[in-house]
Amino acid sequence: MLFNSIQFFVFFAVVCTVYAFCSYVVKRNTVTQLFLLLSSLFFYACWKPAYLCLILLSVCITYAGGIAMERWGRRKRLLLVAVLCSNLLILFFFKYFNFFAGNFNKLSKLAGFGRKIPSLKVLLPVGISFYTFQALGYAIDVYRGTVKAERNFVTYALFVTFFPQLVAGPIERTDNLLPQFKADYRFDYNRVTDGIRLIAWGVFLKIVVADRCAQYEDPIYNGDIQTFTGLQFMLATLFFAVQVYADFNGYSTIAVGVAKILGFTLMDNFRRPYFSKNTQEFWRRWHISLGSWFRDYLYFPLGGSRCSSVRHYANILAVMLVSGLWHGAQWHFVAWGVLLGVYQVVGIATRELRRSCRTALHLEDETGVVRFWQVMQTAMTFCMICTAWIFFRAPGFMNALRILKRLPSVPRDVYDVWRNWMIAGTVSFPVYHAVTVLCIAVLFVVSVVTKRERGSDLVKRFPAPVRWFLYLSLIVGILFLQQLGETEFLYFQF
């Protein structure tokens, strides 16, 4: 059941109606929690009912583990290891077994051992990486003593399976979401209208911006590399950069809006990441819930930055390598993560040198020069991120390298386009793609305008005629510029 489907909106309307009835008529928090839990399990079962046992197994393991860690404090480290290993083994079996088996078989063949590990024909459960990390975060928090173990099984199960953020995040923290389920629901008109606005904007990002960008980049990245020019791959990469942001941010925005209508507050997952001035800042603004999870549960335990420079750099590379593996059991995802890690290490290692150069060149003395330099930093960071996206998007590591080899021909390709335009007087660029560029421009303008204030808060301060003009424009855009058909969100595969 996709967020961009009619089925979901019918499902959500029923959930809202029954949830409001339970809250105001039955007036028992346990009943509303149980209803939301059953609704969430039904939502997940719409993909593959058999995989409900996996998520419920993860829930039971971490629920029992949390209580056990509080009851037997002296053995809580051993209990935590057991909880972590059991959940990670489930994740490994379904997501990583074939990857490691395939690589083992290749190494075995090269070494002449002749042994093979058979691959498994299993379907990757939707959202397994997301709900596993959320459950593990809870277990680690209980171990550290930052939260109390939840005794109510229904409340805890709802925390892990809450349907708005179940299959693609945000990966919520225990101290933020879990206590909200214990509060009584109170209808709030402003929360509901804010939620509707967020849902509408998220739907626009997905079915208008992201899906239209996919129409250009998918045929190029999925086609024969030799038949496309470096310029076409460069444009496809730029379109993909917008697509992956609009697609994932669209899902997160819808999730936040749906939860807000139900009376719950989820964390923001994006903060204008493409306006970052360096790759460290980009990672803090992109997929915030995952980045902060790795920071708190992996980077800091490894030592963070409070250690030698070499170990600090190793910690960054380790975290980014794991981040790449989290996204997918393929070498091109690993390369994507490592490349982002290298960017960050080089940025930190050269920080003082770059600051000295700016001081020597007086780049920080004049306001205009400072702003120009900030724009250049943002542009360079965006180009670096787009280079990394090639590894993320390409169908395989070697194909990513082949695409990179074609990019040096971009100046010649641009010249060929210019020469054809001078001779023939036309350039082949369909109106469809021109509309896509217009939609991207709208997204850019919205990102600039909402630099200091959230869009939903900013819109509320506009005069009523302006607000309704924007609402109608958004509705018209969704109705007339959308891609026909339901397409999955990109991060469902992770």
# chains A, B, ... in the order shown; residues from 1 in each chain; ligands from 1
$ residues_around --residues "range 191-195 of chain A" --least-positions-apart "4" --cutoff "12 Å" --atoms "only C-alpha atoms" --output "number ranges by chain"
A: 16, 185-187, 199-202, 253-266, 454-460, 471
$ closest_atom_pairs --of "range 311-429 of chain A" --to "range 79-101 of chain A" --cutoff "12 Å" --atoms "only C-alpha atoms" --output "JSON lines"
{"residue": "A:Leu325", "atom": "CA", "partner": "A:Tyr96", "partner_atom": "CA", "distance": 8.8}
{"residue": "A:Trp326", "atom": "CA", "partner": "A:Lys95", "partner_atom": "CA", "distance": 9.3}
{"residue": "A:His327", "atom": "CA", "partner": "A:Lys95", "partner_atom": "CA", "distance": 10.1}
{"residue": "A:Gly328", "atom": "CA", "partner": "A:Lys95", "partner_atom": "CA", "distance": 7.8}
{"residue": "A:Ala329", "atom": "CA", "partner": "A:Tyr96", "partner_atom": "CA", "distance": 5.6}
{"residue": "A:Gln330", "atom": "CA", "partner": "A:Phe99", "partner_atom": "CA", "distance": 6.9}
{"residue": "A:Trp331", "atom": "CA", "partner": "A:Phe99", "partner_atom": "CA", "distance": 9.0}
{"residue": "A:Phe333", "atom": "CA", "partner": "A:Phe99", "partner_atom": "CA", "distance": 12.0}
{"residue": "A:Val334", "atom": "CA", "partner": "A:Phe99", "partner_atom": "CA", "distance": 11.8}
$ write_last_selection --atoms "N, CA, C and O atoms" --output "PDB file, in the first residue's frame"
ATOM      1  N   LEU A 325      26.563   0.084   3.209  1.00  0.00           N
ATOM      2  CA  LEU A 325      26.015  -1.269   3.295  1.00  0.00           C
ATOM      3  C   LEU A 325      24.560  -1.254   3.746  1.00  0.00           C
ATOM      4  O   LEU A 325      23.765  -2.084   3.315  1.00  0.00           O
ATOM      5  N   TRP A 326      24.216  -0.327   4.635  1.00  0.00           N
ATOM      6  CA  TRP A 326      22.834  -0.228   5.092  1.00  0.00           C
ATOM      7  C   TRP A 326      21.902   0.022   3.911  1.00  0.00           C
ATOM      8  O   TRP A 326      20.791  -0.512   3.853  1.00  0.00           O
ATOM      9  N   HIS A 327      22.353   0.825   2.959  1.00  0.00           N
ATOM     10  CA  HIS A 327      21.509   1.155   1.816  1.00  0.00           C
ATOM     11  C   HIS A 327      21.340  -0.010   0.854  1.00  0.00           C
ATOM     12  O   HIS A 327      20.306  -0.083   0.176  1.00  0.00           O
ATOM     13  N   GLY A 328      22.293  -0.888   0.779  1.00  0.00           N
ATOM     14  CA  GLY A 328      22.127  -2.009  -0.136  1.00  0.00           C
ATOM     15  C   GLY A 328      23.312  -2.946  -0.115  1.00  0.00           C
ATOM     16  O   GLY A 328      24.449  -2.522   0.117  1.00  0.00           O
ATOM     17  N   ALA A 329      23.054  -4.216  -0.357  1.00  0.00           N
ATOM     18  CA  ALA A 329      24.107  -5.239  -0.368  1.00  0.00           C
ATOM     19  C   ALA A 329      24.713  -5.337  -1.763  1.00  0.00           C
ATOM     20  O   ALA A 329      24.612  -6.353  -2.444  1.00  0.00           O
ATOM     21  N   GLN A 330      25.351  -4.249  -2.188  1.00  0.00           N
ATOM     22  CA  GLN A 330      26.018  -4.187  -3.483  1.00  0.00           C
ATOM     23  C   GLN A 330      27.269  -3.330  -3.329  1.00  0.00           C
ATOM     24  O   GLN A 330      27.296  -2.387  -2.527  1.00  0.00           O
ATOM     25  N   TRP A 331      28.284  -3.634  -4.119  1.00  0.00           N
ATOM     26  CA  TRP A 331      29.540  -2.904  -3.991  1.00  0.00           C
ATOM     27  C   TRP A 331      29.407  -1.436  -4.371  1.00  0.00           C
ATOM     28  O   TRP A 331      30.153  -0.584  -3.862  1.00  0.00           O
ATOM     29  N   PHE A 333      26.963   0.526  -3.627  1.00  0.00           N
ATOM     30  CA  PHE A 333      26.507   1.244  -2.434  1.00  0.00           C
ATOM     31  C   PHE A 333      27.653   1.428  -1.440  1.00  0.00           C
ATOM     32  O   PHE A 333      27.772   2.475  -0.793  1.00  0.00           O
ATOM     33  N   VAL A 334      28.488   0.404  -1.321  1.00  0.00           N
ATOM     34  CA  VAL A 334      29.663   0.520  -0.456  1.00  0.00           C
ATOM     35  C   VAL A 334      30.577   1.630  -0.959  1.00  0.00           C
ATOM     36  O   VAL A 334      31.078   2.451  -0.175  1.00  0.00           O
TER      37      VAL A 334
END
$ residues_around --residues "Thr436 in chain A" --least-positions-apart "6" --cutoff "9 Å" --atoms "only C-alpha atoms" --output "PyMOL selection string"
chain A and resi 208-209+212-213+481
$ atom_distance --atom1 "CA of Gly303 in chain A" --atom2 "CA of Tyr138 in chain A"
21.0 Å
$ residues_around --residues "Tyr491 in chain A" --least-positions-apart "5" --cutoff "9 Å" --atoms "only C-alpha atoms" --output "MDAnalysis selection string"
chainID A and resid 127 167:168 244 247:248 251 327
$ write_last_selection --atoms "N, CA and C atoms" --output "mmCIF file, in the first residue's frame"
data_model
loop_
_atom_site.group_PDB
_atom_site.id
_atom_site.type_symbol
_atom_site.label_atom_id
_atom_site.label_comp_id
_atom_site.auth_asym_id
_atom_site.auth_seq_id
_atom_site.Cartn_x
_atom_site.Cartn_y
_atom_site.Cartn_z
ATOM 1 N N GLY A 127 11.160 -2.394 4.413
ATOM 2 C CA GLY A 127 11.399 -1.614 5.619
ATOM 3 C C GLY A 127 12.190 -2.315 6.701
ATOM 4 N N VAL A 167 7.968 1.768 6.963
ATOM 5 C CA VAL A 167 8.704 1.139 5.867
ATOM 6 C C VAL A 167 9.822 2.005 5.285
ATOM 7 N N ALA A 168 9.861 3.301 5.592
ATOM 8 C CA ALA A 168 10.934 4.153 5.053
ATOM 9 C C ALA A 168 11.238 5.332 5.959
ATOM 10 N N VAL A 244 15.969 11.609 -6.211
ATOM 11 C CA VAL A 244 16.137 10.890 -4.951
ATOM 12 C C VAL A 244 15.783 11.789 -3.772
ATOM 13 N N ASP A 247 11.857 12.249 -3.952
ATOM 14 C CA ASP A 247 11.198 10.987 -3.648
ATOM 15 C C ASP A 247 11.254 10.680 -2.154
ATOM 16 N N PHE A 248 12.443 10.709 -1.584
ATOM 17 C CA PHE A 248 12.601 10.353 -0.175
ATOM 18 C C PHE A 248 12.045 11.436 0.744
ATOM 19 N N TYR A 251 8.285 11.134 0.743
ATOM 20 C CA TYR A 251 7.781 10.100 1.660
ATOM 21 C C TYR A 251 7.838 10.596 3.101
ATOM 22 N N HIS A 327 22.353 0.825 2.959
ATOM 23 C CA HIS A 327 21.509 1.155 1.816
ATOM 24 C C HIS A 327 21.340 -0.010 0.854
#
$ residues_around --residues "Ala135 in chain A" --least-positions-apart "2" --cutoff "8 Å" --atoms "only C-alpha atoms" --output "list in words"
Ser58, Val59, Thr62, Tyr131, Thr132, Phe133, Gly137, Tyr138, Ala139 and Val160 of chain A
$ write_last_selection --atoms "N, CA and C atoms" --output "PDB file, in the first residue's frame"
ATOM      1  N   SER A  58      11.088  -9.342  15.869  1.00  0.00           N
ATOM      2  CA  SER A  58      11.979  -8.260  16.296  1.00  0.00           C
ATOM      3  C   SER A  58      11.390  -7.509  17.487  1.00  0.00           C
ATOM      4  N   VAL A  59      10.083  -7.275  17.439  1.00  0.00           N
ATOM      5  CA  VAL A  59       9.403  -6.592  18.543  1.00  0.00           C
ATOM      6  C   VAL A  59       9.530  -7.403  19.822  1.00  0.00           C
ATOM      7  N   THR A  62      13.282  -7.445  21.268  1.00  0.00           N
ATOM      8  CA  THR A  62      13.721  -6.198  21.902  1.00  0.00           C
ATOM      9  C   THR A  62      12.859  -5.837  23.104  1.00  0.00           C
ATOM     10  N   TYR A 131      12.920  -0.615  10.549  1.00  0.00           N
ATOM     11  CA  TYR A 131      12.354  -1.007  11.839  1.00  0.00           C
ATOM     12  C   TYR A 131      13.378  -1.750  12.697  1.00  0.00           C
ATOM     13  N   THR A 132      14.352  -2.421  12.065  1.00  0.00           N
ATOM     14  CA  THR A 132      15.405  -3.071  12.844  1.00  0.00           C
ATOM     15  C   THR A 132      16.244  -2.049  13.586  1.00  0.00           C
ATOM     16  N   PHE A 133      16.628  -0.974  12.908  1.00  0.00           N
ATOM     17  CA  PHE A 133      17.440   0.058  13.551  1.00  0.00           C
ATOM     18  C   PHE A 133      16.651   0.787  14.638  1.00  0.00           C
ATOM     19  N   GLY A 137      17.859   0.792  18.430  1.00  0.00           N
ATOM     20  CA  GLY A 137      18.060   2.051  19.145  1.00  0.00           C
ATOM     21  C   GLY A 137      17.396   2.022  20.510  1.00  0.00           C
ATOM     22  N   TYR A 138      16.195   1.452  20.575  1.00  0.00           N
ATOM     23  CA  TYR A 138      15.485   1.316  21.851  1.00  0.00           C
ATOM     24  C   TYR A 138      16.285   0.440  22.814  1.00  0.00           C
ATOM     25  N   ALA A 139      16.766  -0.695  22.325  1.00  0.00           N
ATOM     26  CA  ALA A 139      17.517  -1.615  23.183  1.00  0.00           C
ATOM     27  C   ALA A 139      18.783  -0.953  23.732  1.00  0.00           C
ATOM     28  N   VAL A 160       7.377   0.429  17.362  1.00  0.00           N
ATOM     29  CA  VAL A 160       8.201  -0.153  16.291  1.00  0.00           C
ATOM     30  C   VAL A 160       7.445  -0.198  14.969  1.00  0.00           C
TER      31      VAL A 160
END
$ residues_around --residues "Ile117 in chain A" --least-positions-apart "6" --cutoff "8 Å" --atoms "only C-alpha atoms" --output "ChimeraX atom specification"
/A:101-102,104-105
$ residues_around --residues "Gly324 in chain A" --least-positions-apart "2" --cutoff "12 Å" --atoms "only C-alpha atoms" --output "PDB file with C-alpha atoms, in the first residue's frame"
ATOM      1  CA  LEU A 290      19.765   7.679   9.932  1.00  0.00           C
ATOM      2  CA  GLY A 291      22.757  10.013  10.206  1.00  0.00           C
ATOM      3  CA  PHE A 294      24.911   6.254  13.245  1.00  0.00           C
ATOM      4  CA  LEU A 317      35.241   5.919   7.080  1.00  0.00           C
ATOM      5  CA  ALA A 318      33.863   3.017   9.116  1.00  0.00           C
ATOM      6  CA  VAL A 319      30.557   4.772   9.729  1.00  0.00           C
ATOM      7  CA  MET A 320      30.169   5.770   6.092  1.00  0.00           C
ATOM      8  CA  LEU A 321      31.078   2.269   4.903  1.00  0.00           C
ATOM      9  CA  VAL A 322      28.372   0.808   7.162  1.00  0.00           C
ATOM     10  CA  TRP A 326      22.834  -0.228   5.092  1.00  0.00           C
ATOM     11  CA  HIS A 327      21.509   1.155   1.816  1.00  0.00           C
ATOM     12  CA  GLY A 328      22.127  -2.009  -0.136  1.00  0.00           C
ATOM     13  CA  ALA A 329      24.107  -5.239  -0.368  1.00  0.00           C
ATOM     14  CA  GLN A 330      26.018  -4.187  -3.483  1.00  0.00           C
ATOM     15  CA  TRP A 331      29.540  -2.904  -3.991  1.00  0.00           C
ATOM     16  CA  HIS A 332      28.349   0.294  -5.647  1.00  0.00           C
ATOM     17  CA  PHE A 333      26.507   1.244  -2.434  1.00  0.00           C
ATOM     18  CA  VAL A 334      29.663   0.520  -0.456  1.00  0.00           C
ATOM     19  CA  ALA A 335      31.643   2.708  -2.864  1.00  0.00           C
ATOM     20  CA  TRP A 336      29.058   5.485  -2.449  1.00  0.00           C
ATOM     21  CA  GLY A 337      29.412   5.390   1.334  1.00  0.00           C
ATOM     22  CA  VAL A 338      33.210   5.214   1.275  1.00  0.00           C
ATOM     23  CA  LEU A 339      33.423   8.096  -1.208  1.00  0.00           C
ATOM     24  CA  LEU A 340      31.285  10.277   1.067  1.00  0.00           C
ATOM     25  CA  GLY A 341      33.576   9.260   3.929  1.00  0.00           C
ATOM     26  CA  ALA A 388      28.799  10.135  -5.457  1.00  0.00           C
ATOM     27  CA  TRP A 389      25.222   9.686  -6.695  1.00  0.00           C
ATOM     28  CA  PHE A 391      27.814   5.107  -7.686  1.00  0.00           C
ATOM     29  CA  PHE A 392      24.500   5.073  -5.815  1.00  0.00           C
ATOM     30  CA  PHE A 494      16.426  -0.496   1.604  1.00  0.00           C
TER      31      PHE A 494
END
$ closest_residue --among "A:Arg419, A:Leu124, A:Phe204, A:Arg354" --to "Val476 in chain A" --atoms "only C-alpha atoms"
A:Phe204
